[in-house]
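As stored in work_17.cif (mmCIF, C-alpha atoms and all ligand atoms):
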```
data_work
#
loop_
_atom_site.label_atom_id
_atom_site.label_comp_id
_atom_site.auth_asym_id
_atom_site.auth_seq_id
_atom_site.Cartn_x
_atom_site.Cartn_y
_atom_site.Cartn_z
CA MET A 478 3.71 -17.38 -4.15
CA ASN A 479 3.40 -13.61 -3.61
CA LYS A 480 6.99 -12.25 -3.73
CA GLN A 481 6.35 -9.30 -1.43
CA THR A 482 4.69 -11.53 1.18
CA LEU A 483 7.64 -13.91 0.99
CA ALA A 484 10.20 -11.11 1.35
CA GLU A 485 8.43 -9.57 4.34
CA PHE A 486 7.97 -12.95 5.98
CA GLN A 487 11.59 -13.96 5.50
CA GLU A 488 12.84 -10.65 6.89
CA HIS A 489 10.85 -11.34 10.06
CA LEU A 490 11.90 -15.01 10.08
CA LYS A 491 15.60 -14.08 10.07
CA LYS A 492 15.10 -11.79 13.08
CA SER A 493 12.94 -14.31 14.98
CA ARG A 494 14.57 -16.00 17.94
CA ARG A 495 11.56 -17.83 19.35
CA ILE A 496 9.36 -19.72 16.90
CA VAL A 497 6.41 -22.12 17.25
CA ALA A 498 5.02 -24.42 14.55
CA LEU A 499 1.41 -25.54 15.00
CA VAL A 500 0.88 -28.53 12.73
CA GLY A 501 -2.27 -30.27 11.47
CA ALA A 502 -3.30 -33.01 9.08
CA GLY A 503 -2.61 -30.91 5.95
CA LEU A 504 1.13 -31.36 6.46
CA SER A 505 0.82 -35.12 5.88
CA VAL A 506 -1.42 -34.91 2.81
CA SER A 507 1.45 -35.12 0.35
CA SER A 508 2.66 -38.18 2.26
CA GLY A 509 -0.64 -39.79 1.26
CA LEU A 510 -2.61 -39.42 4.51
CA PRO A 511 -6.10 -37.86 4.53
CA THR A 512 -7.20 -34.84 6.57
CA PHE A 513 -10.23 -35.00 8.88
CA ARG A 514 -12.51 -32.28 7.58
CA GLY A 515 -13.33 -31.10 4.07
CA ALA A 516 -14.42 -32.95 0.93
CA GLU A 517 -11.60 -35.49 1.03
CA GLY A 518 -11.33 -35.74 4.80
CA LEU A 519 -11.94 -38.76 7.00
CA TRP A 520 -15.01 -37.28 8.68
CA LYS A 521 -16.78 -36.99 5.31
CA ASN A 522 -17.57 -40.69 5.27
CA PHE A 523 -16.64 -41.69 8.82
CA ASN A 524 -18.68 -40.53 11.79
CA MET A 525 -16.26 -39.20 14.38
CA ILE A 526 -18.78 -39.79 17.17
CA ASP A 527 -18.72 -43.51 16.26
CA LEU A 528 -14.96 -43.73 16.02
CA ALA A 529 -13.03 -41.04 17.90
CA THR A 530 -14.71 -40.75 21.30
CA PRO A 531 -14.36 -42.75 24.53
CA ASP A 532 -18.06 -43.72 24.19
CA ALA A 533 -17.44 -45.18 20.74
CA PHE A 534 -14.66 -47.37 22.13
CA TYR A 535 -16.83 -48.44 25.07
CA ILE A 536 -19.72 -49.39 22.77
CA ASP A 537 -17.73 -51.22 20.08
CA PRO A 538 -13.98 -51.51 20.69
CA GLY A 539 -13.64 -53.93 17.76
CA LEU A 540 -15.00 -51.35 15.33
CA VAL A 541 -12.76 -48.62 16.68
CA TRP A 542 -9.71 -50.92 16.65
CA GLN A 543 -10.32 -51.76 12.99
CA PHE A 544 -10.35 -48.04 12.20
CA TYR A 545 -7.09 -47.46 14.08
CA SER A 546 -5.53 -50.61 12.68
CA TRP A 547 -6.06 -49.13 9.21
CA ARG A 548 -4.74 -45.73 10.36
CA ARG A 549 -1.60 -47.38 11.81
CA TYR A 550 -1.07 -49.33 8.61
CA SER A 551 -1.46 -46.21 6.42
CA ALA A 552 0.84 -44.12 8.61
CA LEU A 553 3.51 -46.83 8.59
CA ALA A 554 3.30 -47.06 4.80
CA ALA A 555 3.68 -43.25 4.50
CA LYS A 556 7.00 -41.42 4.43
CA PRO A 557 7.83 -37.98 5.86
CA ASN A 558 7.69 -35.32 3.15
CA ARG A 559 9.83 -32.20 2.56
CA GLY A 560 7.60 -30.18 4.89
CA HIS A 561 8.32 -32.55 7.77
CA LEU A 562 12.02 -32.45 6.85
CA ALA A 563 12.06 -28.63 6.81
CA LEU A 564 10.62 -28.48 10.34
CA ALA A 565 13.06 -31.18 11.45
CA LYS A 566 15.96 -29.04 10.19
CA LEU A 567 14.59 -26.00 12.01
CA SER A 568 14.28 -28.06 15.20
CA ASN A 569 17.96 -28.93 15.08
CA LEU A 570 19.32 -25.38 14.63
CA PRO A 571 21.30 -24.37 17.73
CA GLN A 572 20.59 -20.62 17.44
CA THR A 573 16.79 -20.83 17.17
CA ASN A 574 14.48 -21.48 20.07
CA PHE A 575 11.82 -23.56 18.36
CA ILE A 576 9.03 -26.00 19.22
CA THR A 577 6.61 -27.95 17.06
CA ILE A 578 3.13 -28.57 18.47
CA THR A 579 1.65 -31.25 16.27
CA GLN A 580 -1.96 -32.41 16.37
CA ASN A 581 -0.99 -35.28 14.08
CA VAL A 582 -0.87 -38.80 15.46
CA ASP A 583 0.89 -40.32 12.43
CA GLY A 584 4.44 -40.17 13.82
CA LEU A 585 5.81 -38.62 10.62
CA SER A 586 7.41 -35.61 12.36
CA ALA A 587 9.30 -37.92 14.73
CA ARG A 588 10.35 -40.14 11.82
CA SER A 589 11.62 -37.10 9.86
CA GLY A 590 14.42 -36.56 12.38
CA HIS A 591 12.71 -33.75 14.33
CA ASN A 592 14.51 -33.06 17.60
CA SER A 593 12.42 -35.02 20.13
CA ASP A 594 13.12 -32.45 22.88
CA ASN A 595 11.05 -29.83 21.09
CA LEU A 596 8.33 -31.94 19.46
CA TYR A 597 4.95 -32.09 21.22
CA GLU A 598 2.43 -34.65 19.93
CA ILE A 599 -0.52 -33.16 21.81
CA HIS A 600 -3.14 -35.55 20.39
CA GLY A 601 -0.97 -38.58 21.17
CA SER A 602 0.24 -41.22 18.74
CA LEU A 603 -1.21 -44.13 16.79
CA PHE A 604 1.83 -46.08 17.98
CA THR A 605 1.17 -45.63 21.69
CA LEU A 606 -0.98 -48.25 23.41
CA LYS A 607 -2.68 -47.72 26.78
CA CYS A 608 -4.51 -50.06 29.14
CA THR A 609 -8.22 -49.29 29.49
CA SER A 610 -8.43 -50.43 33.12
CA PHE A 611 -8.69 -47.65 35.73
CA MET A 612 -6.58 -49.86 38.00
CA CYS A 613 -3.68 -50.12 35.57
CA ASN A 614 -1.39 -47.47 34.14
CA TYR A 615 0.32 -49.65 31.52
CA ILE A 616 1.46 -47.61 28.53
CA GLU A 617 3.63 -48.69 25.62
CA TYR A 618 5.31 -46.24 23.23
CA ASN A 619 6.55 -46.85 19.69
CA ASN A 620 4.72 -50.11 19.09
CA PHE A 621 4.93 -50.47 15.30
CA LYS A 622 3.58 -54.01 15.09
CA ALA A 623 1.03 -54.54 12.30
CA PRO A 624 -1.37 -56.17 12.68
CA LEU A 625 -1.52 -55.99 16.46
CA THR A 626 -3.48 -59.25 16.80
CA PRO A 627 -4.23 -62.12 14.37
CA ALA A 628 -7.91 -61.07 14.24
CA LEU A 629 -6.95 -57.59 13.03
CA ARG A 630 -4.95 -59.10 10.16
CA GLY A 631 -6.42 -58.07 6.82
CA THR A 632 -8.76 -55.40 8.16
CA GLU A 633 -6.27 -52.69 7.24
CA HIS A 634 -6.24 -53.91 3.63
CA GLU A 635 -10.03 -53.83 3.44
CA PHE A 636 -9.99 -50.17 4.45
CA LEU A 637 -7.21 -49.43 2.01
CA LYS A 638 -9.13 -51.06 -0.83
CA SER A 639 -12.27 -49.06 -0.14
CA SER A 640 -10.33 -45.82 0.15
CA LEU A 641 -8.90 -46.25 -3.34
CA ASP A 642 -12.41 -46.15 -4.84
CA SER A 643 -13.30 -42.75 -3.40
CA GLU A 644 -11.72 -39.36 -2.91
CA SER A 645 -12.59 -39.61 0.77
CA PRO A 646 -11.91 -42.95 2.46
CA GLU A 647 -15.15 -44.86 3.00
CA PHE A 648 -16.04 -46.63 6.18
CA SER A 649 -17.04 -50.26 5.96
CA PRO A 650 -16.30 -52.18 9.15
CA VAL A 651 -14.88 -55.51 8.22
CA LYS A 652 -15.92 -57.81 11.03
CA GLN A 653 -17.48 -58.16 14.47
CA MET A 654 -14.73 -58.73 16.99
CA LYS A 655 -14.73 -60.07 20.54
CA ASP A 656 -12.70 -58.32 23.25
CA SER A 657 -10.48 -61.42 23.48
CA GLU A 658 -9.42 -60.85 19.85
CA LEU A 659 -8.24 -57.28 20.53
CA PRO A 660 -4.85 -56.15 21.91
CA GLN A 661 -4.56 -57.27 25.54
CA CYS A 662 -2.79 -55.53 28.43
CA PRO A 663 0.22 -57.68 29.38
CA VAL A 664 0.25 -56.41 32.99
CA CYS A 665 -3.43 -57.17 33.64
CA LYS A 666 -3.06 -60.52 31.89
CA SER A 667 -0.19 -61.55 34.16
CA SER A 668 -2.28 -60.67 37.23
CA GLY A 669 -5.12 -62.88 35.99
CA THR A 670 -7.56 -60.19 34.76
CA GLN A 671 -8.40 -59.34 31.17
CA SER A 672 -8.18 -55.72 30.00
CA ILE A 673 -7.90 -54.53 26.47
CA LEU A 674 -5.48 -51.89 25.24
CA ARG A 675 -6.64 -48.77 23.41
CA PRO A 676 -4.88 -46.47 20.95
CA GLY A 677 -2.91 -43.72 22.74
CA VAL A 678 -4.63 -40.90 20.89
CA VAL A 679 -6.71 -38.08 22.39
CA TRP A 680 -10.37 -38.47 21.55
CA PHE A 681 -13.01 -35.73 21.73
CA GLY A 682 -13.84 -34.81 25.30
CA GLU A 683 -10.58 -36.24 26.65
CA SER A 684 -7.83 -34.29 28.36
CA LEU A 685 -4.62 -33.65 26.54
CA PRO A 686 -1.32 -34.83 28.05
CA MET A 687 -0.67 -32.44 30.96
CA GLN A 688 3.11 -32.65 30.93
CA GLU A 689 3.28 -31.65 27.26
CA LEU A 690 0.78 -28.81 27.79
CA ASN A 691 2.80 -27.54 30.77
CA GLU A 692 6.04 -27.59 28.78
CA ILE A 693 4.35 -25.70 25.93
CA ASP A 694 3.06 -23.15 28.45
CA ASP A 695 6.60 -22.78 29.82
CA PHE A 696 7.87 -22.07 26.31
CA LEU A 697 5.10 -19.53 25.61
CA GLU A 698 5.56 -17.75 28.95
CA SER A 699 9.36 -18.04 29.07
CA GLU A 700 11.48 -15.31 30.65
CA GLU A 701 13.58 -15.43 27.48
CA GLY A 702 10.91 -13.26 25.88
CA PRO A 703 7.80 -13.53 23.75
CA VAL A 704 7.36 -15.83 20.77
CA ASP A 705 8.21 -13.89 17.60
CA LEU A 706 6.44 -16.10 15.10
CA ILE A 707 3.93 -18.95 14.88
CA LEU A 708 3.77 -21.09 11.73
CA VAL A 709 0.23 -22.44 11.35
CA ILE A 710 0.58 -25.43 9.05
CA GLY A 711 -2.21 -27.47 7.45
CA THR A 712 -4.76 -27.13 10.22
CA SER A 713 -8.38 -25.99 10.10
CA GLY A 714 -7.92 -24.55 13.61
CA THR A 715 -11.26 -25.98 14.70
CA VAL A 716 -10.08 -28.02 17.67
CA TYR A 717 -9.45 -26.67 21.15
CA PRO A 718 -6.96 -26.25 22.81
CA ALA A 719 -4.60 -26.46 19.81
CA ASN A 720 -6.33 -23.50 18.12
CA SER A 721 -5.80 -21.29 21.17
CA TYR A 722 -2.02 -21.12 20.67
CA VAL A 723 -2.33 -18.77 17.70
CA ASP A 724 -4.14 -16.11 19.74
CA ARG A 725 -1.76 -16.57 22.63
CA VAL A 726 1.22 -15.81 20.38
CA ARG A 727 -0.58 -12.84 18.80
CA LEU A 728 -1.40 -11.41 22.22
CA GLN A 729 2.36 -11.40 22.94
CA GLY A 730 2.94 -9.40 19.75
CA GLY A 731 4.10 -12.41 17.70
CA LYS A 732 3.39 -12.69 13.97
CA VAL A 733 1.49 -15.47 12.24
CA ALA A 734 2.28 -17.32 9.00
CA ILE A 735 -0.39 -19.65 7.61
CA PHE A 736 0.41 -22.50 5.21
CA ASN A 737 -2.77 -24.02 3.81
CA THR A 738 -4.36 -25.05 0.52
CA ASP A 739 -7.55 -23.29 1.60
CA ILE A 740 -6.86 -19.74 2.60
CA ASP A 741 -8.63 -16.35 2.44
CA GLU A 742 -7.28 -13.89 -0.13
CA SER A 743 -7.22 -11.25 2.62
CA GLU A 744 -4.76 -13.39 4.60
CA ILE A 745 -2.32 -13.65 1.68
CA GLU A 746 -1.57 -9.94 1.72
CA GLY A 747 0.22 -9.97 5.06
CA LYS A 748 -2.07 -7.54 6.91
CA ASP A 749 -2.30 -7.28 10.69
CA GLY A 750 0.79 -9.41 11.33
CA VAL A 751 -0.59 -12.42 9.41
CA TRP A 752 1.02 -13.78 6.26
CA GLY A 753 -0.75 -16.40 4.19
CA PHE A 754 0.91 -18.92 1.92
CA LYS A 755 -1.58 -20.81 -0.20
CA GLY A 756 -0.63 -24.30 -1.36
CA ASP A 757 0.80 -27.61 -0.26
CA ALA A 758 2.67 -27.16 3.02
CA ALA A 759 5.15 -29.86 1.98
CA GLU A 760 6.23 -27.68 -0.94
CA LEU A 761 5.93 -24.27 0.74
CA LEU A 762 7.88 -24.88 3.95
CA PRO A 763 11.25 -25.73 2.35
CA VAL A 764 11.01 -22.56 0.24
CA VAL A 765 9.93 -20.08 2.92
CA LEU A 766 12.27 -21.44 5.63
CA GLU A 767 15.26 -21.65 3.29
CA PRO A 768 17.12 -18.60 4.75
CA LEU A 769 17.38 -20.44 8.09
CA ILE A 770 17.60 -24.10 7.10
CA GLY A 771 19.25 -24.11 3.68
CA GLU A 772 18.23 -26.61 1.05
CA VAL A 773 15.86 -29.49 1.85
CA LYS A 774 16.57 -32.48 -0.34
CA GLN A 775 13.88 -34.83 -1.66
CA PRO A 776 13.29 -37.62 0.89
C1 LIG I 1 -3.54 -28.53 3.58
C2 LIG I 1 -3.19 -29.46 2.64
C3 LIG I 1 -1.89 -29.37 2.16
C4 LIG I 1 -5.16 -29.89 3.13
N1 LIG I 1 -1.08 -28.44 2.63
N2 LIG I 1 -2.73 -27.60 4.03
C5 LIG I 1 -18.44 -28.56 22.16
C6 LIG I 1 -18.82 -29.88 22.43
C7 LIG I 1 -17.86 -30.85 22.80
C8 LIG I 1 -16.51 -30.51 22.92
C9 LIG I 1 -16.15 -29.21 22.64
C10 LIG I 1 -17.11 -28.25 22.29
N3 LIG I 1 -16.46 -27.08 22.06
C11 LIG I 1 -15.14 -27.26 22.27
C12 LIG I 1 -14.95 -28.55 22.64
C13 LIG I 1 -13.62 -29.15 22.94
C14 LIG I 1 -13.18 -30.08 21.80
C15 LIG I 1 -13.22 -29.31 20.50
O1 LIG I 1 -12.36 -28.50 20.19
N4 LIG I 1 -14.23 -29.55 19.67
C16 LIG I 1 -14.43 -28.76 18.45
C17 LIG I 1 -14.44 -29.70 17.25
C18 LIG I 1 -15.69 -27.96 18.61
N5 LIG I 1 -11.83 -30.47 22.14
C19 LIG I 1 -11.61 -31.56 22.86
O2 LIG I 1 -12.49 -32.31 23.21
C20 LIG I 1 -10.18 -31.76 23.27
N6 LIG I 1 -10.12 -31.97 24.65
C21 LIG I 1 -10.36 -30.97 25.51
O3 LIG I 1 -10.64 -29.84 25.15
O4 LIG I 1 -10.24 -31.33 26.83
C22 LIG I 1 -10.28 -30.29 27.81
C23 LIG I 1 -8.87 -30.05 28.24
C24 LIG I 1 -8.07 -29.22 27.50
C25 LIG I 1 -6.78 -29.00 27.92
C26 LIG I 1 -6.30 -29.62 29.05
C27 LIG I 1 -7.10 -30.48 29.78
C28 LIG I 1 -8.39 -30.69 29.36
C29 LIG I 1 -9.64 -33.02 22.59
C30 LIG I 1 -9.55 -32.87 21.12
C31 LIG I 1 -9.03 -34.17 20.50
C32 LIG I 1 -9.08 -34.12 18.99
N7 LIG I 1 -8.89 -35.41 18.49
C33 LIG I 1 -8.77 -35.61 17.07
C34 LIG I 1 -8.72 -37.14 16.81
C35 LIG I 1 -7.37 -37.72 17.23
C36 LIG I 1 -7.33 -39.17 17.04
C37 LIG I 1 -7.36 -39.57 15.59
O5 LIG I 1 -6.51 -39.12 14.79
O6 LIG I 1 -8.21 -40.36 15.23
O7 LIG I 1 -7.61 -34.98 16.56
S1 LIG I 1 -10.09 -34.85 16.12
C38 LIG I 1 -9.08 -34.40 14.75
O8 LIG I 1 -9.07 -32.95 14.66
C39 LIG I 1 -7.67 -34.85 15.12
C40 LIG I 1 -6.86 -33.66 14.66
O9 LIG I 1 -5.61 -33.64 15.31
C41 LIG I 1 -7.75 -32.50 14.98
C42 LIG I 1 -7.43 -31.26 14.21
O10 LIG I 1 -7.64 -31.44 12.85
P1 LIG I 1 -6.68 -30.75 11.78
O11 LIG I 1 -5.33 -31.31 11.90
O12 LIG I 1 -6.82 -29.30 11.85
O13 LIG I 1 -7.28 -31.35 10.43
P2 LIG I 1 -8.51 -30.79 9.55
O14 LIG I 1 -8.93 -31.89 8.66
O15 LIG I 1 -9.54 -30.17 10.39
O16 LIG I 1 -7.86 -29.62 8.69
C43 LIG I 1 -6.86 -29.91 7.72
C44 LIG I 1 -6.42 -28.58 7.11
O17 LIG I 1 -5.37 -28.86 6.20
C45 LIG I 1 -7.53 -27.87 6.32
O18 LIG I 1 -7.53 -26.49 6.70
C46 LIG I 1 -7.10 -28.02 4.87
O19 LIG I 1 -7.46 -26.90 4.06
C47 LIG I 1 -5.61 -28.11 5.01
N8 LIG I 1 -4.91 -28.82 3.95
N9 LIG I 1 -4.32 -30.27 2.40
C48 LIG I 1 -1.58 -27.54 3.58
N10 LIG I 1 -1.49 -30.23 1.20
#
```

Let's see the structure in the file written out as structure tokens.
Ligand code: BJW
Amino acid sequence: MNKQTLAEFQEHLKKSRRIVALVGAGLSVSSGLPTFRGAEGLWKNFNMIDLATPDAFYIDPGLVWQFYSWRRYSALAAKPNRGHLALAKLSNLPQTNFITITQNVDGLSARSGHNSDNLYEIHGSLFTLKCTSFMCNYIEYNNFKAPLTPALRGTEHEFLKSSLDSESPEFSPVKQMKDSELPQCPVCKSSGTQSILRPGVVWFGESLPMQELNEIDDFLESEEGPVDLILVIGTSGTVYPANSYVDRVRLQGGKVAIFNTDIDESEIEGKDGVWGFKGDAAELLPVVLEPLIGEVKQP
């Protein structure tokens, strides 16, 4: 780590009163979960159009449920790492006005003890289930059951097995499944109709949760003053609207710190209000945030 960059960053960190963390899949890599893009990412072998869009679910909900059954299983088997713990400590400091905007659906930030009042899971959660019927607004949070139905039993292990043979997990759907074998909405069932549940994640082309977006807007536009610093952690910044938060903070005069294994040399030097820290976010965050949060122990 460049010492001068670290010193300049930490000087600004200590003065910062309003801080945002924008989190992506890179934060969970050292917990054993893959990213989406790049050579070892999910989208290398999986086609996102077939798996992470409303059309994909409409065409073959059994295929999509097998994918998310595996994702739920992997996320449950993973543990929060020191990067998650560092952000959790920051979120519980009384003197710092801080929010985490996470694009991750793995639940690891919540499980790390992050203050739930200032954690925004803007792409939803693998552990939220929603009814697919337009007539029904059933939604269930924190459902950690695995497998969700008897027919989904074993599919998560098939995926796990194939992912061990390759740097990027490989997609091999395990079985054809009927709607009746997929998670059912209990409300629709009790009224005599059959509707399946879907994962409570935000697929491409779908709206993000409005309440969360409004609360983030309130934080960014607060009368308490501009955001001093945004920590951009393990994200490729390719997905809207998450990627727009960086520019919004910069336009207010806030500084940017990037934590990523893949980073431009020019960004490491700390020019134009941007500091770059190249490496594993799980290792970097405890070190760079240490002046505010103290020591982060091994989980
Ligand atoms: C490390 C590391 C280590 C590795 N340490 N770093 C053209 C056509 C169609 C649509 C659009 C279009 N142009 C724009 C759009 C909108 C679209 C979009 O942005 N598309 C782009 C891809 C072009 N966005 C949407 O559709 C969104 N909805 C929307 O805009 O609705 C309108 C609306 C907005 C606001 C209010 C109301 C309405 C929805 C986007 C939903 C994204 N969903 C997914 C799937 C979630 C479910 C699931 O998990 O299966 O979310 S896609 C996927 O990408 C996932 C992620 O959260 C998201 C971001 O990925 P992330 O986290 O950045 O991961 P990677 O893999 O890209 O990057 C990892 C990074 O980590 C890399 O940089 C590595 O180097 C680094 N790394 N190891 C630190 N150890």

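When all atoms listed in the file are used to compute distances to ligand LIG 1 (chain I), the closest of the residues A:Ala587, A:Val704, A:Val764, A:Ala758 turns out to be A:Ala758.
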
Using 6 Å as the limit and counting only C-alpha atoms and all ligand atoms, can you tabulate each residue of chain A that touches ligand LIG 1 (chain I), with its shortest atom-to-atom distance in Å and the two atoms involved, as JSON lines?
```
{"residue": "A:Gly501", "atom": "CA", "partner": "I:LIG1", "partner_atom": "O11", "distance": 3.3}
{"residue": "A:Ala502", "atom": "CA", "partner": "I:LIG1", "partner_atom": "O11", "distance": 3.9}
{"residue": "A:Gly503", "atom": "CA", "partner": "I:LIG1", "partner_atom": "O17", "distance": 3.4}
{"residue": "A:Leu504", "atom": "CA", "partner": "I:LIG1", "partner_atom": "N1", "distance": 5.3}
{"residue": "A:Val506", "atom": "CA", "partner": "I:LIG1", "partner_atom": "N10", "distance": 4.9}
{"residue": "A:Ser507", "atom": "CA", "partner": "I:LIG1", "partner_atom": "N10", "distance": 5.8}
{"residue": "A:Thr512", "atom": "CA", "partner": "I:LIG1", "partner_atom": "O14", "distance": 4.0}
{"residue": "A:Phe513", "atom": "CA", "partner": "I:LIG1", "partner_atom": "O14", "distance": 3.4}
{"residue": "A:Arg514", "atom": "CA", "partner": "I:LIG1", "partner_atom": "O14", "distance": 3.8}
{"residue": "A:Gly518", "atom": "CA", "partner": "I:LIG1", "partner_atom": "O14", "distance": 6.0}
{"residue": "A:Ala529", "atom": "CA", "partner": "I:LIG1", "partner_atom": "O6", "distance": 5.6}
{"residue": "A:Gln580", "atom": "CA", "partner": "I:LIG1", "partner_atom": "O9", "distance": 4.0}
{"residue": "A:Asn581", "atom": "CA", "partner": "I:LIG1", "partner_atom": "O9", "distance": 5.1}
{"residue": "A:Val582", "atom": "CA", "partner": "I:LIG1", "partner_atom": "O5", "distance": 5.7}
{"residue": "A:His600", "atom": "CA", "partner": "I:LIG1", "partner_atom": "C35", "distance": 5.7}
{"residue": "A:Val678", "atom": "CA", "partner": "I:LIG1", "partner_atom": "C36", "distance": 5.0}
{"residue": "A:Val679", "atom": "CA", "partner": "I:LIG1", "partner_atom": "C31", "distance": 4.9}
{"residue": "A:Trp680", "atom": "CA", "partner": "I:LIG1", "partner_atom": "N7", "distance": 4.6}
{"residue": "A:Phe681", "atom": "CA", "partner": "I:LIG1", "partner_atom": "O2", "distance": 3.8}
{"residue": "A:Gly682", "atom": "CA", "partner": "I:LIG1", "partner_atom": "O2", "distance": 3.5}
{"residue": "A:Glu683", "atom": "CA", "partner": "I:LIG1", "partner_atom": "N6", "distance": 4.7}
{"residue": "A:Ser684", "atom": "CA", "partner": "I:LIG1", "partner_atom": "C28", "distance": 3.8}
{"residue": "A:Leu685", "atom": "CA", "partner": "I:LIG1", "partner_atom": "C26", "distance": 5.0}
{"residue": "A:Gly711", "atom": "CA", "partner": "I:LIG1", "partner_atom": "N2", "distance": 3.5}
{"residue": "A:Thr712", "atom": "CA", "partner": "I:LIG1", "partner_atom": "O12", "distance": 3.4}
{"residue": "A:Ser713", "atom": "CA", "partner": "I:LIG1", "partner_atom": "O18", "distance": 3.5}
{"residue": "A:Gly714", "atom": "CA", "partner": "I:LIG1", "partner_atom": "O12", "distance": 5.2}
{"residue": "A:Thr715", "atom": "CA", "partner": "I:LIG1", "partner_atom": "C17", "distance": 5.5}
{"residue": "A:Val716", "atom": "CA", "partner": "I:LIG1", "partner_atom": "O1", "distance": 3.4}
{"residue": "A:Tyr717", "atom": "CA", "partner": "I:LIG1", "partner_atom": "O1", "distance": 3.6}
{"residue": "A:Pro718", "atom": "CA", "partner": "I:LIG1", "partner_atom": "O3", "distance": 5.6}
{"residue": "A:Phe736", "atom": "CA", "partner": "I:LIG1", "partner_atom": "C48", "distance": 5.7}
{"residue": "A:Asn737", "atom": "CA", "partner": "I:LIG1", "partner_atom": "N2", "distance": 3.6}
{"residue": "A:Thr738", "atom": "CA", "partner": "I:LIG1", "partner_atom": "N2", "distance": 4.6}
{"residue": "A:Asp739", "atom": "CA", "partner": "I:LIG1", "partner_atom": "O19", "distance": 4.4}
{"residue": "A:Gly756", "atom": "CA", "partner": "I:LIG1", "partner_atom": "N1", "distance": 5.8}
{"residue": "A:Asp757", "atom": "CA", "partner": "I:LIG1", "partner_atom": "N1", "distance": 3.5}
{"residue": "A:Ala758", "atom": "CA", "partner": "I:LIG1", "partner_atom": "N1", "distance": 4.0}
```

Write a file of the just-selected residues containing C-alpha atoms, as a PDB file, keeping the file's coordinate frame.
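Printed below is selection05.pdb as written:
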```
ATOM      1  CA  GLY A 501      -2.270 -30.270  11.470  1.00  0.00           C
ATOM      2  CA  ALA A 502      -3.300 -33.010   9.080  1.00  0.00           C
ATOM      3  CA  GLY A 503      -2.610 -30.910   5.950  1.00  0.00           C
ATOM      4  CA  LEU A 504       1.130 -31.360   6.460  1.00  0.00           C
ATOM      5  CA  VAL A 506      -1.420 -34.910   2.810  1.00  0.00           C
ATOM      6  CA  SER A 507       1.450 -35.120   0.350  1.00  0.00           C
ATOM      7  CA  THR A 512      -7.200 -34.840   6.570  1.00  0.00           C
ATOM      8  CA  PHE A 513     -10.230 -35.000   8.880  1.00  0.00           C
ATOM      9  CA  ARG A 514     -12.510 -32.280   7.580  1.00  0.00           C
ATOM     10  CA  GLY A 518     -11.330 -35.740   4.800  1.00  0.00           C
ATOM     11  CA  ALA A 529     -13.030 -41.040  17.900  1.00  0.00           C
ATOM     12  CA  GLN A 580      -1.960 -32.410  16.370  1.00  0.00           C
ATOM     13  CA  ASN A 581      -0.990 -35.280  14.080  1.00  0.00           C
ATOM     14  CA  VAL A 582      -0.870 -38.800  15.460  1.00  0.00           C
ATOM     15  CA  HIS A 600      -3.140 -35.550  20.390  1.00  0.00           C
ATOM     16  CA  VAL A 678      -4.630 -40.900  20.890  1.00  0.00           C
ATOM     17  CA  VAL A 679      -6.710 -38.080  22.390  1.00  0.00           C
ATOM     18  CA  TRP A 680     -10.370 -38.470  21.550  1.00  0.00           C
ATOM     19  CA  PHE A 681     -13.010 -35.730  21.730  1.00  0.00           C
ATOM     20  CA  GLY A 682     -13.840 -34.810  25.300  1.00  0.00           C
ATOM     21  CA  GLU A 683     -10.580 -36.240  26.650  1.00  0.00           C
ATOM     22  CA  SER A 684      -7.830 -34.290  28.360  1.00  0.00           C
ATOM     23  CA  LEU A 685      -4.620 -33.650  26.540  1.00  0.00           C
ATOM     24  CA  GLY A 711      -2.210 -27.470   7.450  1.00  0.00           C
ATOM     25  CA  THR A 712      -4.760 -27.130  10.220  1.00  0.00           C
ATOM     26  CA  SER A 713      -8.380 -25.990  10.100  1.00  0.00           C
ATOM     27  CA  GLY A 714      -7.920 -24.550  13.610  1.00  0.00           C
ATOM     28  CA  THR A 715     -11.260 -25.980  14.700  1.00  0.00           C
ATOM     29  CA  VAL A 716     -10.080 -28.020  17.670  1.00  0.00           C
ATOM     30  CA  TYR A 717      -9.450 -26.670  21.150  1.00  0.00           C
ATOM     31  CA  PRO A 718      -6.960 -26.250  22.810  1.00  0.00           C
ATOM     32  CA  PHE A 736       0.410 -22.500   5.210  1.00  0.00           C
ATOM     33  CA  ASN A 737      -2.770 -24.020   3.810  1.00  0.00           C
ATOM     34  CA  THR A 738      -4.360 -25.050   0.520  1.00  0.00           C
ATOM     35  CA  ASP A 739      -7.550 -23.290   1.600  1.00  0.00           C
ATOM     36  CA  GLY A 756      -0.630 -24.300  -1.360  1.00  0.00           C
ATOM     37  CA  ASP A 757       0.800 -27.610  -0.260  1.00  0.00           C
ATOM     38  CA  ALA A 758       2.670 -27.160   3.020  1.00  0.00           C
TER      39      ALA A 758
END
```

Hey, can you pull every residue with an atom no more than 8 Å from (-0.7, -13.1, 0.4), using all atoms listed in the file, and send it as a short mmCIF file (atom, residue, chain, number, x, y, z; two decimals) with C-alpha atoms, keeping the file's coordinate frame?
```cif
data_model
loop_
_atom_site.label_atom_id
_atom_site.label_comp_id
_atom_site.auth_asym_id
_atom_site.auth_seq_id
_atom_site.Cartn_x
_atom_site.Cartn_y
_atom_site.Cartn_z
CA MET A 478 3.71 -17.38 -4.15
CA ASN A 479 3.40 -13.61 -3.61
CA THR A 482 4.69 -11.53 1.18
CA GLU A 742 -7.28 -13.89 -0.13
CA SER A 743 -7.22 -11.25 2.62
CA GLU A 744 -4.76 -13.39 4.60
CA ILE A 745 -2.32 -13.65 1.68
CA GLU A 746 -1.57 -9.94 1.72
CA GLY A 747 0.22 -9.97 5.06
CA TRP A 752 1.02 -13.78 6.26
CA GLY A 753 -0.75 -16.40 4.19
CA PHE A 754 0.91 -18.92 1.92
CA LYS A 755 -1.58 -20.81 -0.20
#
```
